[in-house]
Structure formats: structure tokens, C-alpha cells
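Note: the block below is start-v9.cif and it holds mmCIF, N, CA and C atoms.
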```cif
data_run
#
loop_
_atom_site.label_atom_id
_atom_site.label_comp_id
_atom_site.auth_asym_id
_atom_site.auth_seq_id
_atom_site.Cartn_x
_atom_site.Cartn_y
_atom_site.Cartn_z
N MET A 1 -19.11 29.65 5.47
CA MET A 1 -17.94 29.73 4.65
C MET A 1 -18.30 29.64 3.17
N LEU A 2 -19.30 28.82 2.87
CA LEU A 2 -19.71 28.71 1.47
C LEU A 2 -20.16 30.06 0.92
N ASN A 3 -20.94 30.81 1.69
CA ASN A 3 -21.38 32.13 1.25
C ASN A 3 -20.20 33.10 1.13
N LEU A 4 -19.29 33.05 2.09
CA LEU A 4 -18.12 33.93 2.04
C LEU A 4 -17.24 33.60 0.84
N GLY A 5 -17.11 32.30 0.54
CA GLY A 5 -16.31 31.88 -0.60
C GLY A 5 -16.88 32.35 -1.93
N LYS A 6 -18.19 32.48 -2.00
CA LYS A 6 -18.82 33.00 -3.21
C LYS A 6 -18.61 34.50 -3.35
N ALA A 7 -18.58 35.20 -2.22
CA ALA A 7 -18.55 36.66 -2.22
C ALA A 7 -17.14 37.26 -2.25
N HIS A 8 -16.13 36.47 -1.87
CA HIS A 8 -14.77 37.01 -1.75
C HIS A 8 -13.77 36.09 -2.46
N ASP A 9 -12.71 36.70 -2.99
CA ASP A 9 -11.69 35.89 -3.63
C ASP A 9 -10.56 35.52 -2.68
N THR A 10 -10.51 36.16 -1.50
CA THR A 10 -9.52 35.85 -0.48
C THR A 10 -10.19 35.88 0.88
N LEU A 11 -9.94 34.84 1.67
CA LEU A 11 -10.48 34.77 3.03
C LEU A 11 -9.33 34.57 4.00
N ARG A 12 -9.38 35.30 5.10
CA ARG A 12 -8.42 35.11 6.20
C ARG A 12 -9.15 34.31 7.27
N VAL A 13 -8.59 33.13 7.62
CA VAL A 13 -9.26 32.24 8.57
C VAL A 13 -8.28 31.85 9.67
N VAL A 14 -8.78 31.86 10.89
CA VAL A 14 -7.96 31.59 12.08
C VAL A 14 -7.40 30.16 12.03
N SER A 15 -6.09 30.07 12.28
CA SER A 15 -5.43 28.77 12.22
C SER A 15 -4.91 28.29 13.57
N ASP A 16 -5.13 29.07 14.63
CA ASP A 16 -4.60 28.67 15.93
C ASP A 16 -5.68 28.30 16.95
N GLN A 17 -6.90 28.10 16.49
CA GLN A 17 -7.98 27.59 17.34
C GLN A 17 -8.33 26.20 16.82
N ILE A 18 -8.22 25.19 17.68
CA ILE A 18 -8.44 23.81 17.22
C ILE A 18 -9.61 23.15 17.93
N GLY A 19 -10.19 22.21 17.23
CA GLY A 19 -11.30 21.43 17.76
C GLY A 19 -11.67 20.37 16.74
N THR A 20 -12.87 19.84 16.84
CA THR A 20 -13.36 18.85 15.90
C THR A 20 -14.76 19.25 15.46
N PRO A 21 -14.99 19.35 14.16
CA PRO A 21 -16.34 19.68 13.68
C PRO A 21 -17.35 18.62 14.09
N THR A 22 -18.59 19.04 14.24
CA THR A 22 -19.66 18.12 14.59
C THR A 22 -20.86 18.38 13.69
N TYR A 23 -21.28 17.34 12.99
CA TYR A 23 -22.47 17.43 12.13
C TYR A 23 -23.68 17.17 13.00
N THR A 24 -24.61 18.11 13.05
CA THR A 24 -25.76 17.99 13.94
C THR A 24 -26.59 16.74 13.64
N LEU A 25 -26.64 16.31 12.39
CA LEU A 25 -27.38 15.10 12.06
C LEU A 25 -26.76 13.89 12.76
N ASP A 26 -25.44 13.78 12.76
CA ASP A 26 -24.77 12.68 13.45
C ASP A 26 -24.98 12.76 14.95
N LEU A 27 -24.90 13.96 15.50
CA LEU A 27 -25.11 14.14 16.94
C LEU A 27 -26.55 13.80 17.32
N ALA A 28 -27.51 14.19 16.50
CA ALA A 28 -28.92 13.88 16.78
C ALA A 28 -29.15 12.36 16.81
N ARG A 29 -28.53 11.65 15.87
CA ARG A 29 -28.67 10.18 15.86
C ARG A 29 -28.11 9.57 17.13
N LEU A 30 -26.97 10.08 17.58
CA LEU A 30 -26.38 9.58 18.82
C LEU A 30 -27.32 9.86 19.99
N LEU A 31 -27.87 11.05 20.05
CA LEU A 31 -28.77 11.41 21.16
C LEU A 31 -30.00 10.51 21.19
N VAL A 32 -30.53 10.17 20.03
CA VAL A 32 -31.67 9.24 19.98
C VAL A 32 -31.25 7.89 20.53
N ASP A 33 -30.07 7.40 20.14
CA ASP A 33 -29.56 6.13 20.67
C ASP A 33 -29.38 6.19 22.18
N MET A 34 -28.85 7.30 22.66
CA MET A 34 -28.60 7.45 24.09
C MET A 34 -29.92 7.50 24.88
N ALA A 35 -30.92 8.14 24.31
CA ALA A 35 -32.20 8.29 25.00
C ALA A 35 -32.88 6.94 25.24
N GLY A 36 -32.52 5.96 24.45
CA GLY A 36 -33.10 4.63 24.61
C GLY A 36 -32.39 3.78 25.63
N THR A 37 -31.46 4.36 26.37
CA THR A 37 -30.72 3.61 27.39
C THR A 37 -30.94 4.26 28.76
N GLU A 38 -30.33 3.65 29.74
CA GLU A 38 -30.32 4.25 31.07
C GLU A 38 -28.90 4.63 31.46
N LYS A 39 -28.08 4.92 30.48
CA LYS A 39 -26.68 5.30 30.70
C LYS A 39 -26.61 6.82 30.84
N TYR A 40 -27.03 7.30 31.99
CA TYR A 40 -27.13 8.72 32.26
C TYR A 40 -25.76 9.32 32.55
N GLY A 41 -25.66 10.61 32.38
CA GLY A 41 -24.44 11.32 32.72
C GLY A 41 -24.06 12.33 31.66
N TYR A 42 -22.89 12.89 31.83
CA TYR A 42 -22.37 13.87 30.89
C TYR A 42 -21.47 13.18 29.88
N TYR A 43 -21.63 13.52 28.63
CA TYR A 43 -20.82 12.96 27.55
C TYR A 43 -20.33 14.09 26.66
N HIS A 44 -19.16 13.88 26.09
CA HIS A 44 -18.66 14.76 25.03
C HIS A 44 -18.77 13.99 23.73
N ALA A 45 -19.27 14.65 22.70
CA ALA A 45 -19.40 13.98 21.40
C ALA A 45 -19.11 14.97 20.28
N THR A 46 -18.19 14.58 19.41
CA THR A 46 -17.91 15.30 18.18
C THR A 46 -17.60 14.23 17.13
N ASN A 47 -17.59 14.63 15.88
CA ASN A 47 -17.22 13.67 14.85
C ASN A 47 -15.75 13.27 15.04
N GLU A 48 -15.43 12.07 14.60
CA GLU A 48 -14.05 11.56 14.67
C GLU A 48 -13.22 12.20 13.55
N GLY A 49 -11.95 11.85 13.49
CA GLY A 49 -11.11 12.30 12.40
C GLY A 49 -9.99 13.24 12.80
N GLY A 50 -9.85 13.49 14.07
CA GLY A 50 -8.75 14.31 14.52
C GLY A 50 -9.10 15.78 14.68
N TYR A 51 -8.19 16.48 15.30
CA TYR A 51 -8.38 17.88 15.61
C TYR A 51 -7.88 18.75 14.47
N ILE A 52 -8.61 19.80 14.18
CA ILE A 52 -8.25 20.70 13.09
C ILE A 52 -8.52 22.14 13.50
N SER A 53 -7.96 23.05 12.72
CA SER A 53 -8.22 24.47 12.96
C SER A 53 -9.38 24.92 12.07
N TRP A 54 -9.87 26.13 12.34
CA TRP A 54 -10.91 26.70 11.48
C TRP A 54 -10.36 26.85 10.05
N TYR A 55 -9.09 27.18 9.93
CA TYR A 55 -8.46 27.28 8.61
C TYR A 55 -8.51 25.93 7.88
N ASP A 56 -8.08 24.86 8.57
CA ASP A 56 -8.11 23.52 7.97
C ASP A 56 -9.52 23.15 7.52
N PHE A 57 -10.50 23.46 8.36
CA PHE A 57 -11.89 23.14 8.05
C PHE A 57 -12.35 23.89 6.80
N THR A 58 -12.03 25.17 6.71
CA THR A 58 -12.41 25.96 5.56
C THR A 58 -11.79 25.42 4.28
N VAL A 59 -10.52 25.09 4.33
CA VAL A 59 -9.83 24.53 3.15
C VAL A 59 -10.54 23.25 2.70
N GLU A 60 -10.91 22.40 3.65
CA GLU A 60 -11.59 21.14 3.29
C GLU A 60 -12.99 21.38 2.78
N ILE A 61 -13.70 22.34 3.34
CA ILE A 61 -15.03 22.68 2.83
C ILE A 61 -14.95 23.05 1.36
N PHE A 62 -14.03 23.95 1.03
CA PHE A 62 -13.89 24.39 -0.37
C PHE A 62 -13.39 23.26 -1.27
N ARG A 63 -12.47 22.44 -0.76
CA ARG A 63 -11.95 21.33 -1.56
C ARG A 63 -13.08 20.37 -1.94
N GLN A 64 -13.89 20.00 -0.95
CA GLN A 64 -14.98 19.06 -1.22
C GLN A 64 -16.05 19.69 -2.10
N ALA A 65 -16.38 20.96 -1.87
CA ALA A 65 -17.38 21.63 -2.70
C ALA A 65 -16.91 21.67 -4.15
N TYR A 66 -15.66 21.98 -4.36
CA TYR A 66 -15.09 22.01 -5.70
C TYR A 66 -15.11 20.61 -6.32
N GLU A 67 -14.78 19.62 -5.52
CA GLU A 67 -14.80 18.22 -5.98
C GLU A 67 -16.20 17.80 -6.41
N LEU A 68 -17.21 18.38 -5.78
CA LEU A 68 -18.61 18.08 -6.13
C LEU A 68 -19.09 18.87 -7.34
N GLY A 69 -18.18 19.63 -7.95
CA GLY A 69 -18.52 20.33 -9.18
C GLY A 69 -18.84 21.80 -9.05
N HIS A 70 -18.61 22.39 -7.88
CA HIS A 70 -18.90 23.80 -7.66
C HIS A 70 -17.63 24.62 -7.95
N GLU A 71 -17.51 25.05 -9.20
CA GLU A 71 -16.32 25.75 -9.69
C GLU A 71 -16.00 27.02 -8.90
N GLU A 72 -17.02 27.64 -8.29
CA GLU A 72 -16.78 28.88 -7.56
C GLU A 72 -15.85 28.70 -6.36
N TYR A 73 -15.60 27.45 -5.97
CA TYR A 73 -14.71 27.18 -4.84
C TYR A 73 -13.34 26.66 -5.30
N SER A 74 -13.05 26.84 -6.56
CA SER A 74 -11.76 26.43 -7.11
C SER A 74 -10.63 27.12 -6.36
N PRO A 75 -9.54 26.41 -6.10
CA PRO A 75 -8.40 27.05 -5.43
C PRO A 75 -7.81 28.19 -6.27
N ASP A 76 -8.11 28.21 -7.56
CA ASP A 76 -7.66 29.32 -8.41
C ASP A 76 -8.55 30.55 -8.24
N ARG A 77 -9.78 30.35 -7.74
CA ARG A 77 -10.71 31.46 -7.60
C ARG A 77 -10.75 32.05 -6.20
N VAL A 78 -10.68 31.19 -5.20
CA VAL A 78 -10.74 31.68 -3.81
C VAL A 78 -9.51 31.17 -3.05
N LYS A 79 -8.80 32.10 -2.45
CA LYS A 79 -7.61 31.78 -1.64
C LYS A 79 -8.00 31.84 -0.17
N VAL A 80 -7.50 30.87 0.59
CA VAL A 80 -7.74 30.84 2.03
C VAL A 80 -6.38 31.03 2.70
N LEU A 81 -6.27 32.09 3.48
CA LEU A 81 -5.02 32.42 4.14
C LEU A 81 -5.12 32.15 5.63
N PRO A 82 -4.14 31.41 6.20
CA PRO A 82 -4.15 31.17 7.65
C PRO A 82 -3.66 32.41 8.39
N VAL A 83 -4.36 32.76 9.47
CA VAL A 83 -3.94 33.87 10.33
C VAL A 83 -4.13 33.46 11.78
N THR A 84 -3.40 34.11 12.66
CA THR A 84 -3.59 33.86 14.09
C THR A 84 -4.82 34.63 14.56
N THR A 85 -5.29 34.27 15.74
CA THR A 85 -6.42 34.99 16.32
C THR A 85 -6.07 36.46 16.49
N ALA A 86 -4.85 36.74 16.91
CA ALA A 86 -4.43 38.13 17.09
C ALA A 86 -4.42 38.88 15.76
N GLU A 87 -3.95 38.22 14.70
CA GLU A 87 -3.94 38.86 13.38
C GLU A 87 -5.35 39.08 12.86
N TYR A 88 -6.25 38.15 13.16
CA TYR A 88 -7.63 38.25 12.69
C TYR A 88 -8.34 39.44 13.33
N GLY A 89 -8.09 39.65 14.60
CA GLY A 89 -8.71 40.76 15.31
C GLY A 89 -9.96 40.34 16.04
N ALA A 90 -10.73 41.33 16.43
CA ALA A 90 -11.94 41.10 17.23
C ALA A 90 -12.94 40.24 16.47
N SER A 91 -13.58 39.36 17.20
CA SER A 91 -14.59 38.46 16.63
C SER A 91 -15.88 38.64 17.40
N LYS A 92 -16.99 38.34 16.75
CA LYS A 92 -18.30 38.43 17.43
C LYS A 92 -18.42 37.39 18.53
N ALA A 93 -17.73 36.25 18.35
CA ALA A 93 -17.81 35.17 19.33
C ALA A 93 -16.42 34.88 19.90
N ALA A 94 -16.30 34.91 21.21
CA ALA A 94 -15.04 34.53 21.85
C ALA A 94 -14.92 33.01 21.79
N ARG A 95 -13.82 32.53 21.23
CA ARG A 95 -13.64 31.08 21.09
C ARG A 95 -12.36 30.65 21.79
N PRO A 96 -12.38 29.48 22.41
CA PRO A 96 -11.16 28.98 23.05
C PRO A 96 -10.15 28.53 22.00
N PHE A 97 -8.87 28.59 22.34
CA PHE A 97 -7.83 28.12 21.42
C PHE A 97 -7.84 26.60 21.30
N ASN A 98 -8.25 25.93 22.37
CA ASN A 98 -8.22 24.47 22.39
C ASN A 98 -9.60 23.96 22.78
N SER A 99 -10.31 23.40 21.81
CA SER A 99 -11.65 22.87 22.06
C SER A 99 -11.67 21.35 22.02
N ARG A 100 -10.53 20.73 22.30
CA ARG A 100 -10.48 19.27 22.30
C ARG A 100 -11.27 18.72 23.47
N LEU A 101 -12.06 17.69 23.20
CA LEU A 101 -12.89 17.07 24.22
C LEU A 101 -12.50 15.60 24.40
N ASP A 102 -12.65 15.10 25.61
CA ASP A 102 -12.41 13.68 25.88
C ASP A 102 -13.71 12.93 25.63
N LYS A 103 -13.73 12.15 24.56
CA LYS A 103 -14.94 11.42 24.16
C LYS A 103 -14.91 9.95 24.59
N SER A 104 -13.96 9.57 25.42
CA SER A 104 -13.78 8.16 25.78
C SER A 104 -15.00 7.56 26.48
N LYS A 105 -15.75 8.36 27.18
CA LYS A 105 -16.92 7.85 27.91
C LYS A 105 -17.96 7.25 26.96
N LEU A 106 -18.05 7.79 25.75
CA LEU A 106 -19.00 7.25 24.77
C LEU A 106 -18.72 5.77 24.50
N SER A 107 -17.49 5.47 24.10
CA SER A 107 -17.17 4.07 23.78
C SER A 107 -17.15 3.19 25.02
N GLU A 108 -16.74 3.75 26.15
CA GLU A 108 -16.76 2.98 27.39
C GLU A 108 -18.16 2.51 27.74
N ASN A 109 -19.17 3.26 27.30
CA ASN A 109 -20.56 2.92 27.58
C ASN A 109 -21.26 2.27 26.39
N GLY A 110 -20.48 1.86 25.41
CA GLY A 110 -21.03 1.09 24.30
C GLY A 110 -21.66 1.89 23.17
N PHE A 111 -21.48 3.19 23.16
CA PHE A 111 -22.04 3.99 22.08
C PHE A 111 -21.07 4.04 20.91
N THR A 112 -21.61 4.03 19.72
CA THR A 112 -20.80 4.09 18.51
C THR A 112 -20.30 5.51 18.30
N PRO A 113 -18.99 5.67 18.12
CA PRO A 113 -18.47 7.02 17.87
C PRO A 113 -19.09 7.62 16.60
N LEU A 114 -19.14 8.94 16.55
CA LEU A 114 -19.65 9.60 15.35
C LEU A 114 -18.69 9.38 14.19
N PRO A 115 -19.19 9.39 12.96
CA PRO A 115 -18.32 9.18 11.80
C PRO A 115 -17.25 10.26 11.68
N ASP A 116 -16.29 10.02 10.83
CA ASP A 116 -15.22 10.97 10.54
C ASP A 116 -15.81 12.30 10.05
N TRP A 117 -15.23 13.41 10.49
CA TRP A 117 -15.77 14.73 10.14
C TRP A 117 -15.71 15.00 8.63
N LYS A 118 -14.72 14.44 7.93
CA LYS A 118 -14.66 14.64 6.47
C LYS A 118 -15.83 13.94 5.79
N ASP A 119 -16.19 12.77 6.28
CA ASP A 119 -17.37 12.07 5.76
C ASP A 119 -18.63 12.86 6.08
N ALA A 120 -18.71 13.38 7.29
CA ALA A 120 -19.87 14.18 7.69
C ALA A 120 -19.99 15.42 6.81
N LEU A 121 -18.87 16.06 6.56
CA LEU A 121 -18.88 17.24 5.69
C LEU A 121 -19.36 16.88 4.29
N ARG A 122 -18.88 15.77 3.77
CA ARG A 122 -19.29 15.33 2.43
C ARG A 122 -20.80 15.10 2.38
N ARG A 123 -21.34 14.43 3.40
CA ARG A 123 -22.79 14.19 3.43
C ARG A 123 -23.57 15.49 3.52
N PHE A 124 -23.06 16.43 4.33
CA PHE A 124 -23.71 17.73 4.43
C PHE A 124 -23.71 18.45 3.08
N LEU A 125 -22.56 18.50 2.45
CA LEU A 125 -22.46 19.22 1.17
C LEU A 125 -23.33 18.57 0.09
N GLN A 126 -23.44 17.26 0.12
CA GLN A 126 -24.29 16.59 -0.87
C GLN A 126 -25.78 16.93 -0.66
N ALA A 127 -26.15 17.21 0.57
CA ALA A 127 -27.55 17.54 0.87
C ALA A 127 -27.82 19.04 0.79
N TYR A 128 -26.77 19.85 0.81
CA TYR A 128 -26.89 21.32 0.86
C TYR A 128 -27.32 21.86 -0.50
N GLU A 129 -28.23 22.81 -0.48
CA GLU A 129 -28.68 23.47 -1.71
C GLU A 129 -27.76 24.65 -1.99
N PHE A 130 -26.83 24.48 -2.90
CA PHE A 130 -25.86 25.55 -3.23
C PHE A 130 -26.58 26.66 -3.97
#
```
Would you kindly transcribe this structure into C-alpha cells?
Amino acid sequence: MLNLGKAHDTLRVVSDQIGTPTYTLDLARLLVDMAGTEKYGYYHATNEGGYISWYDFTVEIFRQAYELGHEEYSPDRVKVLPVTTAEYGASKAARPFNSRLDKSKLSENGFTPLPDWKDALRRFLQAYEF
């Protein structure tokens, strides 16, 4: 999205597919913690902070990037328009409309939930080479 935001002044982003972003660094830390236990099984893990659409995620990416001083993501420079999957048209990747996962097994087994996705995004953007 950061590259698209630099290249275009208007982006159409799907608003009817929901899920929770996951920062691979946070997931990797959890996997290391899990590997040190004998709590085997299947787990679902995503960052906390609630369910959002791809549109919501894009708006937050640009908001935080702009807040970090990247003027090219100013709401005056790049507009993000919500569209349905049908309005967007064919995509390279088929995505489910509802990607919500039940993460209760993590806490039931004593694992610390992943941080809020907005915090994860902020940490990613601070480390990202714009």
C-alpha cells in the first residue's frame, strides 16, 4: 500500500473483507515461545485490536505514515475509497469475506496474546525504509 500510495492519488480498496492484520515479527516471537513448551496442537494467532477491512487497514497505514512525517501520504494528497469486492473486480488472490479466527486457545494455554495491530503497524513503519 505504501508503494501504491506514492504512485497514485486515489486508491480503491475493498471494504467488505474483514480480518485482523498480523505482524510477522510478533508471530515469530510467539512461535519461539510456543516451541519452548509441550503445548502441542493447532492455534490461531493474529494481532489483537479487533477486526477490520482492507480499506480500514489502508487508511490507518497512511494515517500513521503521515503522522511519522511522510507527507506523501497526506489525506490531501492520496484518497482512499471504500469499494465492495464486486465493485473492485477480479483479484489475483481469492480472499474470504470473513477471516475472523478464534484465538482463545492461546490464552487458555498461557500464551500472551499478540499486541494490538495498530501498535504492530507503528513498529513496522518505524523500522521500514521509506
>> Can you pull out the residues contacting Leu30 (chain A)? Cut-off 8 Å, using only N, CA and C atoms, and skip same-chain residues under 3 positions away; I want them as a PyMOL selection string.
In response: chain A and resi 24-27+33-36+111-114
>> Using the chain letters and numbers from this file, what does the PyMOL selection byres ((chain A and resi 117) around 8) select? Give the answer as a count of residues only.
In response: 18
> atom N of Val14 (chain A) and atom C of Glu60 (chain A) are how many Å apart?
Replying inline: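 Distance between the two atoms: 13.9 Å.
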>> Can you pull out every residue from chain A that DSSP, working from the backbone, puts in strand (DSSP E or B), and format the result as a PyMOL selection string?
In response: chain A and resi 10-14+18-19+47-48+52-53+79-83+98+114-116
> What is the atom N of Gly41 (chain A)-CA of Ile18 (chain A) distance in Å, reported with one decimal?
Replying inline: 26.5 Å
> Within 7 Å of Trp54 (chain A), counting only N, CA and C atoms, which residues qualify if same-chain residues fewer than 4 places away don't, as a list in words?
Replying inline: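 Residues near the query, excluding close chain neighbours: Val13, Val14, Ser15, Asp16, Gln17, Ile18, Gly19, Thr58 and Val59 of chain A.
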>> One number please: CA of Gly69 (chain A) to CA of Phe130 (chain A), in Å, one decimal.
In response: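 For CA of Gly69 (chain A) relative to CA of Phe130 (chain A), the distance reads 10.8 Å.
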> What lies within 7 Å of Asp9 (chain A) using only N, CA and C atoms, ignoring chain neighbours under 6 positions off, as a VMD selection string?
Replying inline: chain A and resid 77 to 80
>> Counting only N, CA and C atoms, which residue out of A:His8, A:Glu87, A:Phe62, A:Lys39 sits closest to Asn109 (chain A)?
In response: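 The shortest atom-to-atom distance to Asn109 (chain A) comes from A:Lys39.
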Rebuild region 54-65 of chain A so that it carries all heavy atoms, then output the result as a PDB file, in the frame of the given file.
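Saved the output as part15.pdb:
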```
ATOM      1  N   TRP A  54      -9.870  26.130  12.340  1.00  0.00           N
ATOM      2  CA  TRP A  54     -10.910  26.700  11.480  1.00  0.00           C
ATOM      3  C   TRP A  54     -10.360  26.850  10.050  1.00  0.00           C
ATOM      4  O   TRP A  54     -11.098  26.662   9.085  1.00  0.00           O
ATOM      5  CB  TRP A  54     -11.359  28.052  12.022  1.00  0.00           C
ATOM      6  CG  TRP A  54     -12.172  27.919  13.271  1.00  0.00           C
ATOM      7  CD1 TRP A  54     -11.763  28.165  14.546  1.00  0.00           C
ATOM      8  CD2 TRP A  54     -13.529  27.483  13.365  1.00  0.00           C
ATOM      9  NE1 TRP A  54     -12.786  27.904  15.432  1.00  0.00           N
ATOM     10  CE2 TRP A  54     -13.888  27.494  14.722  1.00  0.00           C
ATOM     11  CE3 TRP A  54     -14.481  27.086  12.434  1.00  0.00           C
ATOM     12  CZ2 TRP A  54     -15.156  27.129  15.170  1.00  0.00           C
ATOM     13  CZ3 TRP A  54     -15.749  26.723  12.877  1.00  0.00           C
ATOM     14  CH2 TRP A  54     -16.059  26.746  14.224  1.00  0.00           C
ATOM     15  N   TYR A  55      -9.090  27.180   9.930  1.00  0.00           N
ATOM     16  CA  TYR A  55      -8.460  27.280   8.610  1.00  0.00           C
ATOM     17  C   TYR A  55      -8.510  25.930   7.880  1.00  0.00           C
ATOM     18  O   TYR A  55      -8.936  25.856   6.724  1.00  0.00           O
ATOM     19  CB  TYR A  55      -7.002  27.755   8.760  1.00  0.00           C
ATOM     20  CG  TYR A  55      -6.182  27.551   7.522  1.00  0.00           C
ATOM     21  CD1 TYR A  55      -6.276  28.430   6.449  1.00  0.00           C
ATOM     22  CD2 TYR A  55      -5.325  26.459   7.411  1.00  0.00           C
ATOM     23  CE1 TYR A  55      -5.530  28.234   5.294  1.00  0.00           C
ATOM     24  CE2 TYR A  55      -4.581  26.254   6.263  1.00  0.00           C
ATOM     25  CZ  TYR A  55      -4.689  27.135   5.208  1.00  0.00           C
ATOM     26  OH  TYR A  55      -3.962  26.924   4.063  1.00  0.00           O
ATOM     27  N   ASP A  56      -8.080  24.860   8.570  1.00  0.00           N
ATOM     28  CA  ASP A  56      -8.110  23.520   7.970  1.00  0.00           C
ATOM     29  C   ASP A  56      -9.520  23.150   7.520  1.00  0.00           C
ATOM     30  O   ASP A  56      -9.709  22.558   6.453  1.00  0.00           O
ATOM     31  CB  ASP A  56      -7.619  22.457   8.967  1.00  0.00           C
ATOM     32  CG  ASP A  56      -6.195  22.660   9.417  1.00  0.00           C
ATOM     33  OD1 ASP A  56      -5.354  23.060   8.600  1.00  0.00           O
ATOM     34  OD2 ASP A  56      -5.918  22.399  10.613  1.00  0.00           O
ATOM     35  N   PHE A  57     -10.500  23.460   8.360  1.00  0.00           N
ATOM     36  CA  PHE A  57     -11.890  23.140   8.050  1.00  0.00           C
ATOM     37  C   PHE A  57     -12.350  23.890   6.800  1.00  0.00           C
ATOM     38  O   PHE A  57     -12.962  23.320   5.906  1.00  0.00           O
ATOM     39  CB  PHE A  57     -12.774  23.474   9.257  1.00  0.00           C
ATOM     40  CG  PHE A  57     -14.172  22.930   9.190  1.00  0.00           C
ATOM     41  CD1 PHE A  57     -14.451  21.698   8.611  1.00  0.00           C
ATOM     42  CD2 PHE A  57     -15.223  23.638   9.734  1.00  0.00           C
ATOM     43  CE1 PHE A  57     -15.751  21.192   8.565  1.00  0.00           C
ATOM     44  CE2 PHE A  57     -16.522  23.153   9.695  1.00  0.00           C
ATOM     45  CZ  PHE A  57     -16.784  21.924   9.105  1.00  0.00           C
ATOM     46  N   THR A  58     -12.030  25.170   6.710  1.00  0.00           N
ATOM     47  CA  THR A  58     -12.410  25.960   5.560  1.00  0.00           C
ATOM     48  C   THR A  58     -11.790  25.420   4.280  1.00  0.00           C
ATOM     49  O   THR A  58     -12.470  25.285   3.249  1.00  0.00           O
ATOM     50  CB  THR A  58     -12.013  27.433   5.764  1.00  0.00           C
ATOM     51  OG1 THR A  58     -12.651  27.918   6.940  1.00  0.00           O
ATOM     52  CG2 THR A  58     -12.413  28.290   4.575  1.00  0.00           C
ATOM     53  N   VAL A  59     -10.520  25.090   4.330  1.00  0.00           N
ATOM     54  CA  VAL A  59      -9.830  24.530   3.150  1.00  0.00           C
ATOM     55  C   VAL A  59     -10.540  23.250   2.700  1.00  0.00           C
ATOM     56  O   VAL A  59     -10.782  23.044   1.505  1.00  0.00           O
ATOM     57  CB  VAL A  59      -8.337  24.278   3.458  1.00  0.00           C
ATOM     58  CG1 VAL A  59      -7.677  23.429   2.381  1.00  0.00           C
ATOM     59  CG2 VAL A  59      -7.602  25.604   3.637  1.00  0.00           C
ATOM     60  N   GLU A  60     -10.910  22.400   3.650  1.00  0.00           N
ATOM     61  CA  GLU A  60     -11.590  21.140   3.290  1.00  0.00           C
ATOM     62  C   GLU A  60     -12.990  21.380   2.780  1.00  0.00           C
ATOM     63  O   GLU A  60     -13.459  20.686   1.860  1.00  0.00           O
ATOM     64  CB  GLU A  60     -11.601  20.189   4.492  1.00  0.00           C
ATOM     65  CG  GLU A  60     -12.177  18.819   4.187  1.00  0.00           C
ATOM     66  CD  GLU A  60     -11.375  17.992   3.190  1.00  0.00           C
ATOM     67  OE1 GLU A  60     -10.208  18.323   2.899  1.00  0.00           O
ATOM     68  OE2 GLU A  60     -11.927  16.968   2.690  1.00  0.00           O
ATOM     69  N   ILE A  61     -13.700  22.340   3.340  1.00  0.00           N
ATOM     70  CA  ILE A  61     -15.030  22.680   2.830  1.00  0.00           C
ATOM     71  C   ILE A  61     -14.950  23.050   1.360  1.00  0.00           C
ATOM     72  O   ILE A  61     -15.678  22.528   0.519  1.00  0.00           O
ATOM     73  CB  ILE A  61     -15.658  23.842   3.647  1.00  0.00           C
ATOM     74  CG1 ILE A  61     -16.013  23.385   5.061  1.00  0.00           C
ATOM     75  CG2 ILE A  61     -16.893  24.407   2.933  1.00  0.00           C
ATOM     76  CD1 ILE A  61     -16.358  24.534   6.012  1.00  0.00           C
ATOM     77  N   PHE A  62     -14.030  23.950   1.030  1.00  0.00           N
ATOM     78  CA  PHE A  62     -13.890  24.390  -0.370  1.00  0.00           C
ATOM     79  C   PHE A  62     -13.390  23.260  -1.270  1.00  0.00           C
ATOM     80  O   PHE A  62     -13.828  23.129  -2.405  1.00  0.00           O
ATOM     81  CB  PHE A  62     -12.983  25.609  -0.453  1.00  0.00           C
ATOM     82  CG  PHE A  62     -13.562  26.853   0.161  1.00  0.00           C
ATOM     83  CD1 PHE A  62     -12.751  27.916   0.492  1.00  0.00           C
ATOM     84  CD2 PHE A  62     -14.925  26.986   0.440  1.00  0.00           C
ATOM     85  CE1 PHE A  62     -13.261  29.082   1.048  1.00  0.00           C
ATOM     86  CE2 PHE A  62     -15.458  28.136   1.002  1.00  0.00           C
ATOM     87  CZ  PHE A  62     -14.614  29.183   1.306  1.00  0.00           C
ATOM     88  N   ARG A  63     -12.470  22.440  -0.760  1.00  0.00           N
ATOM     89  CA  ARG A  63     -11.950  21.330  -1.560  1.00  0.00           C
ATOM     90  C   ARG A  63     -13.080  20.370  -1.940  1.00  0.00           C
ATOM     91  O   ARG A  63     -13.226  19.984  -3.099  1.00  0.00           O
ATOM     92  CB  ARG A  63     -10.847  20.576  -0.798  1.00  0.00           C
ATOM     93  CG  ARG A  63     -10.149  19.503  -1.655  1.00  0.00           C
ATOM     94  CD  ARG A  63      -9.297  18.577  -0.810  1.00  0.00           C
ATOM     95  NE  ARG A  63     -10.106  17.668  -0.018  1.00  0.00           N
ATOM     96  CZ  ARG A  63     -10.769  16.624  -0.504  1.00  0.00           C
ATOM     97  NH1 ARG A  63     -10.752  16.327  -1.781  1.00  0.00           N
ATOM     98  NH2 ARG A  63     -11.478  15.841   0.304  1.00  0.00           N
ATOM     99  N   GLN A  64     -13.890  20.000  -0.950  1.00  0.00           N
ATOM    100  CA  GLN A  64     -14.980  19.060  -1.220  1.00  0.00           C
ATOM    101  C   GLN A  64     -16.050  19.690  -2.100  1.00  0.00           C
ATOM    102  O   GLN A  64     -16.597  19.026  -2.973  1.00  0.00           O
ATOM    103  CB  GLN A  64     -15.580  18.541   0.087  1.00  0.00           C
ATOM    104  CG  GLN A  64     -14.698  17.534   0.790  1.00  0.00           C
ATOM    105  CD  GLN A  64     -15.451  16.772   1.867  1.00  0.00           C
ATOM    106  OE1 GLN A  64     -16.667  16.587   1.800  1.00  0.00           O
ATOM    107  NE2 GLN A  64     -14.723  16.310   2.870  1.00  0.00           N
ATOM    108  N   ALA A  65     -16.380  20.960  -1.870  1.00  0.00           N
ATOM    109  CA  ALA A  65     -17.380  21.630  -2.700  1.00  0.00           C
ATOM    110  C   ALA A  65     -16.910  21.670  -4.150  1.00  0.00           C
ATOM    111  O   ALA A  65     -17.694  21.409  -5.069  1.00  0.00           O
ATOM    112  CB  ALA A  65     -17.666  23.029  -2.168  1.00  0.00           C
TER     113      ALA A  65
END
```
